[in-house]
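> Hey, dropping run09.txt in here, compact mmCIF, C-alpha atoms and all ligand atoms:
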# COMPACT_ATOMS: atom_id res chain seq x y z
CA MET A 1 187.15 119.71 142.07
CA ALA A 2 183.86 118.27 140.96
CA PHE A 3 182.98 114.62 141.44
CA GLU A 4 182.02 112.60 138.39
CA LEU A 5 179.71 109.68 137.85
CA PRO A 6 182.00 106.69 137.19
CA LYS A 7 181.38 104.80 133.94
CA LEU A 8 179.86 101.37 134.56
CA PRO A 9 182.06 98.41 133.57
CA TYR A 10 179.08 96.81 131.76
CA ALA A 11 176.11 97.74 129.56
CA LEU A 12 172.81 98.72 131.19
CA ASP A 13 171.17 95.51 129.96
CA ALA A 14 174.06 93.28 131.11
CA LEU A 15 172.38 92.20 134.35
CA GLU A 16 169.11 91.09 132.75
CA PRO A 17 166.94 89.22 133.55
CA HIS A 18 167.99 89.59 137.19
CA ILE A 19 168.14 93.39 137.25
CA SER A 20 166.43 95.08 134.31
CA LYS A 21 167.86 97.66 131.96
CA LYS A 22 165.05 100.00 133.00
CA THR A 23 166.01 99.70 136.65
CA LEU A 24 169.64 100.48 135.84
CA GLU A 25 168.67 103.41 133.64
CA PHE A 26 167.01 105.02 136.63
CA HIS A 27 169.21 103.68 139.40
CA TYR A 28 172.50 104.57 137.74
CA GLY A 29 171.36 107.26 135.29
CA LYS A 30 169.07 109.19 137.65
CA HIS A 31 169.67 108.28 141.29
CA HIS A 32 173.45 107.79 141.21
CA GLN A 33 173.87 110.74 138.87
CA GLY A 34 171.53 112.78 141.07
CA TYR A 35 173.67 112.20 144.16
CA VAL A 36 176.79 113.29 142.20
CA THR A 37 175.06 116.44 140.96
CA LYS A 38 173.68 117.37 144.37
CA LEU A 39 177.01 116.73 146.07
CA ASN A 40 178.77 118.99 143.57
CA GLY A 41 176.20 121.67 144.30
CA LEU A 42 176.80 121.50 148.06
CA ILE A 43 180.62 121.34 148.14
CA PRO A 44 181.61 124.86 147.04
CA GLY A 45 182.10 127.08 150.08
CA SER A 46 181.94 124.11 152.47
CA PRO A 47 184.87 122.73 154.52
CA PHE A 48 185.01 119.81 152.04
CA GLU A 49 186.19 121.64 148.90
CA ASN A 50 189.37 119.56 148.71
CA ALA A 51 188.08 116.42 150.41
CA ASP A 52 187.75 113.00 148.79
CA LEU A 53 184.63 110.88 149.28
CA GLU A 54 186.12 108.90 152.18
CA GLU A 55 186.86 112.06 154.11
CA ILE A 56 183.36 113.34 153.36
CA ILE A 57 181.87 110.07 154.61
CA LYS A 58 183.94 110.12 157.79
CA LYS A 59 183.54 113.79 158.72
CA SER A 60 180.51 115.45 157.14
CA GLU A 61 176.86 115.69 158.18
CA GLY A 62 173.54 116.52 156.58
CA GLY A 63 173.22 116.92 152.82
CA ILE A 64 176.94 116.63 152.10
CA PHE A 65 177.10 113.36 154.00
CA ASN A 66 173.89 111.98 152.47
CA ASN A 67 174.90 112.73 148.91
CA GLY A 68 178.61 111.95 149.32
CA ALA A 69 177.95 108.60 150.96
CA GLN A 70 175.30 107.73 148.39
CA VAL A 71 177.79 108.43 145.57
CA TRP A 72 180.32 106.09 147.22
CA ASN A 73 177.74 103.43 148.13
CA HIS A 74 176.30 103.25 144.63
CA THR A 75 179.71 103.06 142.96
CA PHE A 76 180.61 100.27 145.38
CA TYR A 77 177.31 98.47 144.65
CA PHE A 78 177.37 98.74 140.87
CA PHE A 79 181.04 97.79 140.50
CA GLN A 80 180.58 94.46 142.31
CA LEU A 81 177.85 93.32 139.88
CA SER A 82 178.39 91.53 136.58
CA GLY A 83 176.47 89.70 133.88
CA SER A 84 179.11 86.95 133.98
CA PRO A 85 180.09 86.90 137.65
CA LYS A 86 182.44 84.65 139.57
CA THR A 87 179.78 82.71 141.47
CA ALA A 88 181.62 81.80 144.67
CA PRO A 89 184.60 83.07 146.67
CA GLU A 90 187.91 81.20 146.78
CA GLY A 91 191.08 81.30 148.83
CA ALA A 92 191.47 83.58 151.83
CA LEU A 93 187.99 85.14 151.51
CA LYS A 94 186.36 81.72 151.32
CA SER A 95 188.26 80.64 154.45
CA ALA A 96 187.31 83.79 156.33
CA ILE A 97 183.62 83.40 155.46
CA GLU A 98 183.67 79.76 156.59
CA ARG A 99 185.52 80.73 159.78
CA ASP A 100 183.06 83.50 160.71
CA PHE A 101 179.74 82.22 159.30
CA GLY A 102 180.19 78.43 159.09
CA SER A 103 179.67 78.15 155.34
CA LEU A 104 179.00 80.27 152.26
CA GLU A 105 175.35 79.18 152.33
CA SER A 106 174.99 80.17 155.95
CA PHE A 107 176.59 83.55 155.23
CA LYS A 108 174.23 84.18 152.31
CA GLU A 109 171.24 83.30 154.42
CA LYS A 110 172.28 85.68 157.21
CA PHE A 111 173.14 88.47 154.77
CA SER A 112 169.84 88.02 152.91
CA ASN A 113 168.00 88.23 156.20
CA ALA A 114 169.82 91.46 157.11
CA ALA A 115 168.91 92.92 153.71
CA ALA A 116 165.28 91.80 153.91
CA THR A 117 164.65 93.07 157.43
CA LEU A 118 166.20 96.53 157.22
CA PHE A 119 163.13 98.71 157.76
CA GLY A 120 162.86 101.65 155.38
CA SER A 121 165.69 102.66 153.05
CA GLY A 122 169.29 101.55 153.47
CA TRP A 123 172.03 99.04 152.84
CA ALA A 124 173.19 95.61 154.03
CA TRP A 125 176.96 95.11 154.19
CA LEU A 126 179.62 92.49 154.61
CA VAL A 127 182.47 94.26 156.41
CA LYS A 128 185.90 93.41 157.76
CA ASN A 129 186.61 94.72 161.23
CA ALA A 130 189.98 96.03 162.43
CA ASP A 131 190.73 92.63 163.98
CA GLY A 132 190.10 90.90 160.62
CA LYS A 133 186.79 89.36 161.65
CA LEU A 134 183.96 89.51 159.13
CA GLU A 135 180.58 90.89 160.12
CA ILE A 136 177.18 91.59 158.53
CA ILE A 137 175.74 95.01 159.31
CA GLN A 138 172.82 97.20 158.21
CA THR A 139 172.95 100.95 157.68
CA ALA A 140 169.96 103.26 157.27
CA ASN A 141 169.55 105.65 154.35
CA ALA A 142 173.06 106.77 153.24
CA GLY A 143 174.89 105.08 156.12
CA ASN A 144 178.36 103.71 155.38
CA PRO A 145 180.59 101.37 157.47
CA LEU A 146 183.72 103.52 156.94
CA ARG A 147 182.22 105.90 159.47
CA GLU A 148 182.56 103.19 162.13
CA GLY A 149 186.08 102.19 161.06
CA LYS A 150 184.90 99.05 159.29
CA THR A 151 186.06 98.00 155.81
CA PRO A 152 183.19 97.31 153.38
CA LEU A 153 183.56 94.20 151.20
CA LEU A 154 180.09 93.77 149.70
CA THR A 155 176.80 95.65 149.79
CA CYS A 156 173.16 95.29 148.81
CA ASP A 157 171.08 98.41 148.18
CA VAL A 158 167.63 97.92 149.70
CA TRP A 159 166.19 101.33 148.94
CA GLU A 160 162.92 100.54 147.15
CA HIS A 161 164.26 102.26 144.00
CA ALA A 162 166.77 99.39 143.64
CA TYR A 163 164.01 96.87 142.93
CA TYR A 164 160.57 98.44 142.72
CA LEU A 165 160.27 98.52 138.91
CA ASP A 166 161.26 94.83 138.71
CA LYS A 167 159.86 93.27 141.88
CA GLN A 168 157.62 95.91 143.55
CA ASN A 169 157.08 94.97 147.20
CA LEU A 170 158.95 91.64 146.87
CA ARG A 171 162.31 92.64 148.33
CA PRO A 172 163.33 89.01 149.09
CA THR A 173 162.97 88.12 145.40
CA TYR A 174 165.27 91.01 144.49
CA ILE A 175 167.83 89.77 147.03
CA GLU A 176 167.77 86.31 145.41
CA GLU A 177 168.41 87.93 142.03
CA PHE A 178 171.18 90.03 143.54
CA TRP A 179 173.18 86.89 144.39
CA ARG A 180 173.03 85.83 140.74
CA VAL A 181 174.84 88.96 139.53
CA LEU A 182 177.25 89.41 142.43
CA ASP A 183 180.83 89.00 141.21
CA TRP A 184 182.79 87.32 144.00
CA GLY A 185 185.98 88.16 142.11
CA VAL A 186 185.42 91.82 142.99
CA VAL A 187 184.67 90.98 146.61
CA GLU A 188 187.91 88.95 146.79
CA SER A 189 189.91 91.90 145.50
CA ARG A 190 188.39 94.15 148.18
CA PHE A 191 189.26 91.59 150.85
CA MET B 1 139.27 95.51 148.08
CA LYS B 2 138.05 92.59 150.18
CA ASN B 3 140.28 91.24 152.87
CA ILE B 4 139.07 87.70 153.24
CA GLU B 5 142.59 86.38 153.68
CA LEU B 6 143.23 88.83 156.49
CA GLN B 7 139.94 88.13 158.25
CA LYS B 8 140.42 84.44 158.74
CA THR B 9 143.75 84.63 160.53
CA ILE B 10 142.93 87.22 163.16
CA SER B 11 140.94 87.38 166.37
CA ASP B 12 138.07 89.75 167.15
CA MET B 13 140.45 92.11 168.93
CA SER B 14 142.73 92.57 165.95
CA PHE B 15 143.10 95.58 163.73
CA ILE B 16 141.28 95.35 160.41
CA GLN B 17 142.46 97.19 157.33
CA PRO B 18 139.66 99.65 156.44
CA GLU B 19 138.15 99.26 152.99
CA LEU B 20 139.12 101.88 150.44
CA LYS B 21 136.27 104.30 149.74
CA TYR B 22 137.18 104.51 146.04
CA ASP B 23 138.47 102.23 143.29
CA TYR B 24 142.14 101.70 142.53
CA THR B 25 141.63 103.63 139.27
CA ALA B 26 139.85 106.55 140.95
CA LEU B 27 142.89 108.77 141.52
CA GLU B 28 144.29 108.44 138.00
CA PRO B 29 146.15 110.04 136.35
CA TYR B 30 147.67 111.44 139.55
CA ILE B 31 148.09 108.11 141.28
CA ASP B 32 147.94 105.10 138.98
CA ALA B 33 145.79 102.02 139.61
CA ARG B 34 148.73 99.60 139.81
CA THR B 35 150.44 101.68 142.48
CA MET B 36 147.16 101.93 144.42
CA GLU B 37 146.53 98.20 144.27
CA ILE B 38 150.03 97.14 145.35
CA HIS B 39 150.21 99.88 147.96
CA TYR B 40 146.87 98.88 149.50
CA THR B 41 146.90 95.08 149.08
CA LYS B 42 150.60 94.45 149.74
CA HIS B 43 152.17 97.26 151.76
CA HIS B 44 149.23 98.39 153.88
CA ALA B 45 147.83 94.88 154.28
CA GLY B 46 151.32 93.73 155.27
CA TYR B 47 151.59 96.35 158.01
CA THR B 48 148.13 95.38 159.27
CA ASN B 49 148.98 91.66 159.42
CA ASN B 50 152.35 92.27 161.01
CA LEU B 51 150.85 94.66 163.57
CA ASN B 52 148.38 91.99 164.64
CA LYS B 53 151.21 89.45 164.92
CA ALA B 54 153.35 91.87 166.90
CA ILE B 55 150.70 92.65 169.51
CA GLU B 56 149.11 89.21 169.79
CA GLY B 57 149.33 87.98 173.36
CA THR B 58 150.79 91.27 174.63
CA GLU B 59 149.07 93.86 176.80
CA LEU B 60 148.50 95.87 173.60
CA ASP B 61 145.90 93.40 172.38
CA GLY B 62 142.53 95.19 172.46
CA LYS B 63 143.98 98.71 172.72
CA THR B 64 143.10 101.41 170.18
CA ILE B 65 145.71 102.26 167.55
CA GLU B 66 146.23 105.67 169.20
CA GLU B 67 146.92 103.95 172.52
CA VAL B 68 149.40 101.62 170.85
CA LEU B 69 151.19 104.52 169.13
CA SER B 70 151.55 106.35 172.44
CA VAL B 71 153.61 103.53 174.03
CA VAL B 72 155.68 102.09 171.15
CA SER B 73 158.95 102.87 172.95
CA LYS B 74 158.21 100.08 175.45
CA PHE B 75 157.82 97.36 172.81
CA PRO B 76 159.91 95.72 170.06
CA ALA B 77 160.52 97.68 166.85
CA ALA B 78 157.90 95.59 165.03
CA VAL B 79 155.18 97.36 167.02
CA ARG B 80 156.49 100.83 166.17
CA ASN B 81 156.99 100.02 162.49
CA ASN B 82 153.72 98.22 161.86
CA ALA B 83 151.45 100.31 164.09
CA GLY B 84 152.81 103.34 162.25
CA GLY B 85 152.37 101.66 158.87
CA PHE B 86 148.77 100.74 159.74
CA TYR B 87 147.76 104.17 161.07
CA ASN B 88 149.62 106.26 158.50
CA HIS B 89 148.15 104.47 155.49
CA ASN B 90 144.63 104.60 156.99
CA LEU B 91 145.02 108.38 157.13
CA TYR B 92 146.61 108.63 153.68
CA TRP B 93 143.74 106.90 151.84
CA GLU B 94 141.20 109.02 153.71
CA VAL B 95 142.75 112.40 152.98
CA MET B 96 142.62 111.68 149.25
CA GLN B 97 139.55 111.63 147.02
CA PRO B 98 138.68 111.26 143.35
CA GLY B 99 137.22 114.11 141.32
CA GLY B 100 139.67 116.81 142.25
CA SER B 101 140.62 118.52 145.46
CA SER B 102 138.10 120.39 147.55
CA GLU B 103 139.13 123.61 149.32
CA PRO B 104 139.77 124.17 153.01
CA LYS B 105 136.96 126.22 154.55
CA GLY B 106 136.02 128.04 157.73
CA GLU B 107 138.20 127.62 160.79
CA LEU B 108 140.63 125.31 159.02
CA ALA B 109 141.17 127.85 156.24
CA ASP B 110 141.67 130.57 158.87
CA ALA B 111 144.13 128.42 160.81
CA ILE B 112 146.15 127.69 157.65
CA ASN B 113 146.21 131.37 156.73
CA SER B 114 147.30 132.45 160.17
CA ALA B 115 150.01 129.75 160.43
CA PHE B 116 151.42 129.97 156.90
CA GLY B 117 150.08 133.19 155.34
CA SER B 118 148.03 131.53 152.60
CA LEU B 119 147.02 128.14 151.25
CA ASP B 120 149.70 128.38 148.57
CA ALA B 121 152.35 129.25 151.13
CA PHE B 122 151.26 126.25 153.21
CA LYS B 123 151.50 123.99 150.15
CA ASP B 124 155.05 125.21 149.50
CA VAL B 125 156.14 124.46 153.06
CA PHE B 126 154.48 121.03 153.02
CA SER B 127 155.84 120.14 149.56
CA LYS B 128 159.34 121.09 150.65
CA ALA B 129 159.09 118.94 153.79
CA ALA B 130 157.90 116.02 151.65
CA ALA B 131 160.59 116.51 148.99
CA THR B 132 163.48 116.85 151.43
CA ARG B 133 162.70 113.94 153.76
CA PHE B 134 165.76 111.81 152.96
CA GLY B 135 165.02 108.10 152.60
CA SER B 136 161.58 106.76 153.51
CA GLY B 137 159.00 108.63 155.56
CA TRP B 138 156.05 110.97 155.74
CA ALA B 139 155.35 114.69 155.74
CA TRP B 140 152.53 115.93 157.92
CA LEU B 141 150.26 118.86 158.63
CA ILE B 142 149.96 118.66 162.40
CA LYS B 143 147.58 120.20 164.89
CA ASP B 144 149.49 120.86 168.09
CA GLY B 145 147.19 122.52 170.61
CA ASN B 146 145.75 125.44 168.66
CA GLU B 147 148.72 125.66 166.31
CA LEU B 148 149.22 124.17 162.88
CA LYS B 149 152.69 123.12 161.81
CA VAL B 150 154.41 121.09 159.08
CA GLU B 151 156.99 118.43 159.92
CA SER B 152 158.28 115.17 158.49
CA THR B 153 159.08 111.88 160.20
CA PRO B 154 161.26 108.93 159.11
CA ASN B 155 160.03 105.50 158.02
CA GLN B 156 156.59 104.77 159.55
CA ASP B 157 156.93 107.06 162.55
CA ASN B 158 154.24 109.66 163.20
CA PRO B 159 153.54 112.52 165.63
CA LEU B 160 151.33 110.37 167.88
CA MET B 161 154.25 108.14 168.84
CA ASP B 162 156.05 108.56 172.14
CA VAL B 163 159.36 108.06 170.29
CA SER B 164 158.70 110.93 167.90
CA ASP B 165 160.48 114.28 168.28
CA VAL B 166 157.56 115.78 166.41
CA LYS B 167 154.34 115.81 168.45
CA GLY B 168 150.68 116.54 167.80
CA THR B 169 147.74 115.22 165.80
CA PRO B 170 148.35 114.59 162.11
CA ILE B 171 145.48 115.94 160.00
CA LEU B 172 147.06 115.57 156.53
CA GLY B 173 149.91 113.29 155.51
CA ILE B 174 151.82 112.27 152.40
CA ASP B 175 153.66 108.99 152.05
CA VAL B 176 157.11 109.60 150.55
CA TRP B 177 158.34 106.03 150.66
CA GLU B 178 159.45 105.27 147.10
CA HIS B 179 156.74 102.57 146.88
CA ALA B 180 154.14 105.37 146.95
CA TYR B 181 155.27 106.77 143.60
CA TYR B 182 158.03 104.76 141.95
CA LEU B 183 155.96 102.89 139.33
CA ASN B 184 154.56 106.16 138.00
CA TYR B 185 157.16 108.80 138.82
CA GLN B 186 160.40 106.86 139.52
CA ASN B 187 163.02 109.28 140.88
CA ARG B 188 160.78 112.34 140.37
CA ARG B 189 159.32 112.67 143.86
CA PRO B 190 158.44 116.37 143.38
CA GLU B 191 156.08 115.44 140.51
CA TYR B 192 154.27 112.98 142.76
CA ILE B 193 153.95 115.68 145.42
CA GLU B 194 152.48 118.08 142.83
CA ALA B 195 149.98 115.39 141.82
CA PHE B 196 149.00 114.79 145.46
CA TRP B 197 147.59 118.34 145.63
CA LYS B 198 145.08 117.39 142.92
CA VAL B 199 143.42 114.72 145.03
CA ILE B 200 143.07 116.20 148.52
CA ASN B 201 139.91 115.58 150.51
CA TRP B 202 139.89 118.80 152.55
CA ASP B 203 136.59 117.82 154.20
CA GLU B 204 138.39 114.89 155.79
CA VAL B 205 141.29 117.13 156.83
CA ASP B 206 138.72 119.47 158.37
CA ARG B 207 137.07 116.57 160.22
CA ARG B 208 140.44 115.65 161.73
CA PHE B 209 141.17 119.31 162.50
CA LYS B 210 137.92 119.60 164.47
CA GLY B 211 138.27 116.15 166.06
FE FE C 301 170.17 103.04 145.25
FE FE C 302 153.23 103.46 151.84
Please lay out the structure from this file as structure tokens.

Amino acid sequence: MAFELPKLPYALDALEPHISKKTLEFHYGKHHQGYVTKLNGLIPGSPFENADLEEIIKKSEGGIFNNGAQVWNHTFYFFQLSGSPKTAPEGALKSAIERDFGSLESFKEKFSNAAATLFGSGWAWLVKNADGKLEIIQTANAGNPLREGKTPLLTCDVWEHAYYLDKQNLRPTYIEEFWRVLDWGVVESRF
Amino acid sequence: MKNIELQKTISDMSFIQPELKYDYTALEPYIDARTMEIHYTKHHAGYTNNLNKAIEGTELDGKTIEEVLSVVSKFPAAVRNNAGGFYNHNLYWEVMQPGGSSEPKGELADAINSAFGSLDAFKDVFSKAAATRFGSGWAWLIKDGNELKVESTPNQDNPLMDVSDVKGTPILGIDVWEHAYYLNYQNRRPEYIEAFWKVINWDEVDRRFKG
């Protein structure tokens, strides 16, 4: 069964001025779509013909892993963004962040640093470990925390394609803009 | 193309970003001026600055870039990443030229023909290596002893590094980080690779082949 590009829950210009319509046209319309198309081309005749994305992420290698994980990662990334986001976490997530990082501000600083310092292409993540503790991790290229048994809660794409049209080499400026469109309501529901 | 800002913060022993031998506009329409300017003044200059910071006060201070690359495994990742970024971009600007590509000649042409069958066959192999490097990195034509081979490496690694699986002397390289082409080609990396073939300085590749 072929994978499909999920429809975004907002218009391509909904994240402006923080993330431009042009960036989303390419990032969602070309990159995300491209990973879906390539994955569908690689699946037939492979051991993953009946697998879902999570199984592909946990068990595959090479092109199937790269494209499968990138489909999942981008869906996860785009669906946590909003033009009218909930700007801070509440309740149990808020408590967990304060317990493990001291404060929301301290968490954001550490996460931003992880996103800014990942060398090359990849992702920064907030994850929940099996013991319930929250952690910030980086993964290279298509890497995904599910592979290490961690539950992703939030992610920032730091492939250059995520920000180069808007900010060029200024990745930290993109990360600041990212916080302005991150919908904490979605992160709460994942927690 | 001046680096006044860079000059004043570094000691005599530091690495200096070489000046470009052509204008930012010189490789248009294949590589646009805005990409050239940001790539040279931000990315490459950044690697140069960060390399100097990473080696300052260490035993690497005063070593050649080739010497630094050969021992990166013994130092923090900042040395590997920035020494690679410095060296790789130096090579990249030099193997390109305005006014159209020259042709490989003499021993280099013979070596390409014997390794790959023909110049076009070599270009196909190299283009494929560049297109299929997943994430950020470089594709290389490498001289390994008397052999020529094509390989790619991730991020800012290169075949002179002790950490690299791929070994030898790079004589031609293409940057396939998205910053090298995104403003002009966005997701269409293969179009950028096609354009690269229009601006090759084969005399410089030959110089490195003989060196
Ligand atoms: Fe992306
Ligand atoms: Fe570059």
> Counting only C-alpha atoms, which residues of chain B fall within 6 Å of chain A, and what is the closest atom pair for each with its distance in Å at one decimal, ordered by chain and rising number, as JSON lines?

{"residue": "B:Gly135", "atom": "CA", "partner": "A:Asn141", "partner_atom": "CA", "distance": 5.4}
{"residue": "B:Ser136", "atom": "CA", "partner": "A:Gly120", "partner_atom": "CA", "distance": 5.6}
{"residue": "B:Asn155", "atom": "CA", "partner": "A:Gly120", "partner_atom": "CA", "distance": 5.5}
{"residue": "B:Glu178", "atom": "CA", "partner": "A:Glu160", "partner_atom": "CA", "distance": 5.9}
> Taking all atoms listed in the file and a cut-off of 6 Å, can you tell me which residues surround ligand FE 302 (chain C), written as a list in words?
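Protein and nucleic-acid residues within 6 Å of ligand FE 302 (chain C): Asp175, Trp177 and Ala180 of chain B.
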> Would you mind exporting C-alpha atoms of the selected residues as a PDB file, in the coordinates of the input?

ATOM      1  CA  ASP B 175     153.660 108.990 152.050  1.00  0.00           C
ATOM      2  CA  TRP B 177     158.340 106.030 150.660  1.00  0.00           C
ATOM      3  CA  ALA B 180     154.140 105.370 146.950  1.00  0.00           C
TER       4      ALA B 180
END
> Let me make sure I understand: among B:Gln186, B:Val72, B:Gln17, B:Val205, which one has the smallest atom-to-atom distance to ligand FE 301 (chain C) if we use all atoms listed in the file?
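Using all atoms listed in the file, the shortest distance to ligand FE 301 (chain C) belongs to B:Gln186.
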> Given the choices B:Ile38, B:Ile31, B:Val176, B:Ala109, which gets closest to Phe134 of chain B if the distance is worked out from only C-alpha atoms?
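Ranking B:Ile38, B:Ile31, B:Val176, B:Ala109 by distance to Phe134 of chain B, first place goes to B:Val176.
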> Give me, as a count of residues only, all polymer residues having an atom no more than 9 Å from Leu134 of chain A, counting all atoms listed in the file and skipping those fewer than 6 positions away in the same chain.
8
> Which distance in Å separates atom CA of Asp157 of chain A and atom CA of Ala124 of chain A, to one decimal?
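One can read the atom CA of Asp157 of chain A to atom CA of Ala124 of chain A distance as 6.8 Å.
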> Have a look at A:Gly41, A:Pro6, A:Pro85, A:Gly29 and name the one nearest to ligand FE 301 (chain C); count all atoms listed in the file.
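Closest candidate: A:Gly29.
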> Do a neighbour search on Asp206 of chain B at 10 Å with only C-alpha atoms, toss out local chain neighbours closer than 6 positions, and write the hits as a list of chain:residue names.
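Contacts, in chain order: B:Val95, B:Glu103, B:Pro104, B:Lys105, B:Gly106, B:Glu107, B:Leu108, B:Ala109, B:Ile171, B:Leu172.
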> Selected residues, C-alpha atoms, written as a short mmCIF file (atom, residue, chain, number, x, y, z; two decimals), in the frame of the given file, please.

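out-v4.cif was written with the following content:
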data_model
loop_
_atom_site.label_atom_id
_atom_site.label_comp_id
_atom_site.auth_asym_id
_atom_site.auth_seq_id
_atom_site.Cartn_x
_atom_site.Cartn_y
_atom_site.Cartn_z
CA VAL B 95 142.75 112.40 152.98
CA GLU B 103 139.13 123.61 149.32
CA PRO B 104 139.77 124.17 153.01
CA LYS B 105 136.96 126.22 154.55
CA GLY B 106 136.02 128.04 157.73
CA GLU B 107 138.20 127.62 160.79
CA LEU B 108 140.63 125.31 159.02
CA ALA B 109 141.17 127.85 156.24
CA ILE B 171 145.48 115.94 160.00
CA LEU B 172 147.06 115.57 156.53
#
> Within 12 Å of Glu105 of chain A, counting all atoms listed in the file, which residues qualify if same-chain residues fewer than 4 places away don't, as a PyMOL selection string?
chain A and resi 88-89+94+97-98+101+109-112+179
> Got time to write the residues from that selection, C-alpha atoms, as a CSV table (one decimal), in the frame of the given file?

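Done, and the output landed in again18.csv:
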chain,number,residue,atom,x,y,z
A,88,ALA,CA,181.6,81.8,144.7
A,89,PRO,CA,184.6,83.1,146.7
A,94,LYS,CA,186.4,81.7,151.3
A,97,ILE,CA,183.6,83.4,155.5
A,98,GLU,CA,183.7,79.8,156.6
A,101,PHE,CA,179.7,82.2,159.3
A,109,GLU,CA,171.2,83.3,154.4
A,110,LYS,CA,172.3,85.7,157.2
A,111,PHE,CA,173.1,88.5,154.8
A,112,SER,CA,169.8,88.0,152.9
A,179,TRP,CA,173.2,86.9,144.4
> Have a look at atom CA of Gln80 of chain A and atom CA of Gly185 of chain A and let me know their distance in Å, one decimal.
8.3 Å
> Pull the neighbourhood of (146.3, 94.1, 163.6) for me: all residues within 6 Å in file coordinates, counting only C-alpha atoms, as a list in words.
Ser14, Phe15, Thr48, Asn49, Leu51 and Asn52 of chain B
> Take atom CA of Glu4 of chain A and atom CA of Val36 of chain A and report the distance between them in Å, one decimal.
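Separating atom CA of Glu4 of chain A from atom CA of Val36 of chain A is a distance of 6.5 Å.
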> Identify the residues within 10 Å of coordinate (155.2, 115.0, 143.1) (same frame as the file), considering all atoms listed in the file, and give the answer as a list in words.
Tyr30, Ser127, Ala130, Ala131, Val176, Tyr181, Tyr185, Asn187, Arg188, Arg189, Pro190, Glu191, Tyr192, Ile193, Glu194, Ala195, Phe196 and Trp197 of chain B
> Quick one: residues within 9 Å of Leu15 of chain A, all atoms listed in the file, excluding same-chain residues fewer than 6 positions away - as a CSV table (one decimal) with C-alpha atoms, in the coordinates of the input?

chain,number,residue,atom,x,y,z
A,21,LYS,CA,167.9,97.7,132.0
A,24,LEU,CA,169.6,100.5,135.8
A,81,LEU,CA,177.8,93.3,139.9
A,82,SER,CA,178.4,91.5,136.6
A,83,GLY,CA,176.5,89.7,133.9
A,84,SER,CA,179.1,87.0,134.0
A,181,VAL,CA,174.8,89.0,139.5
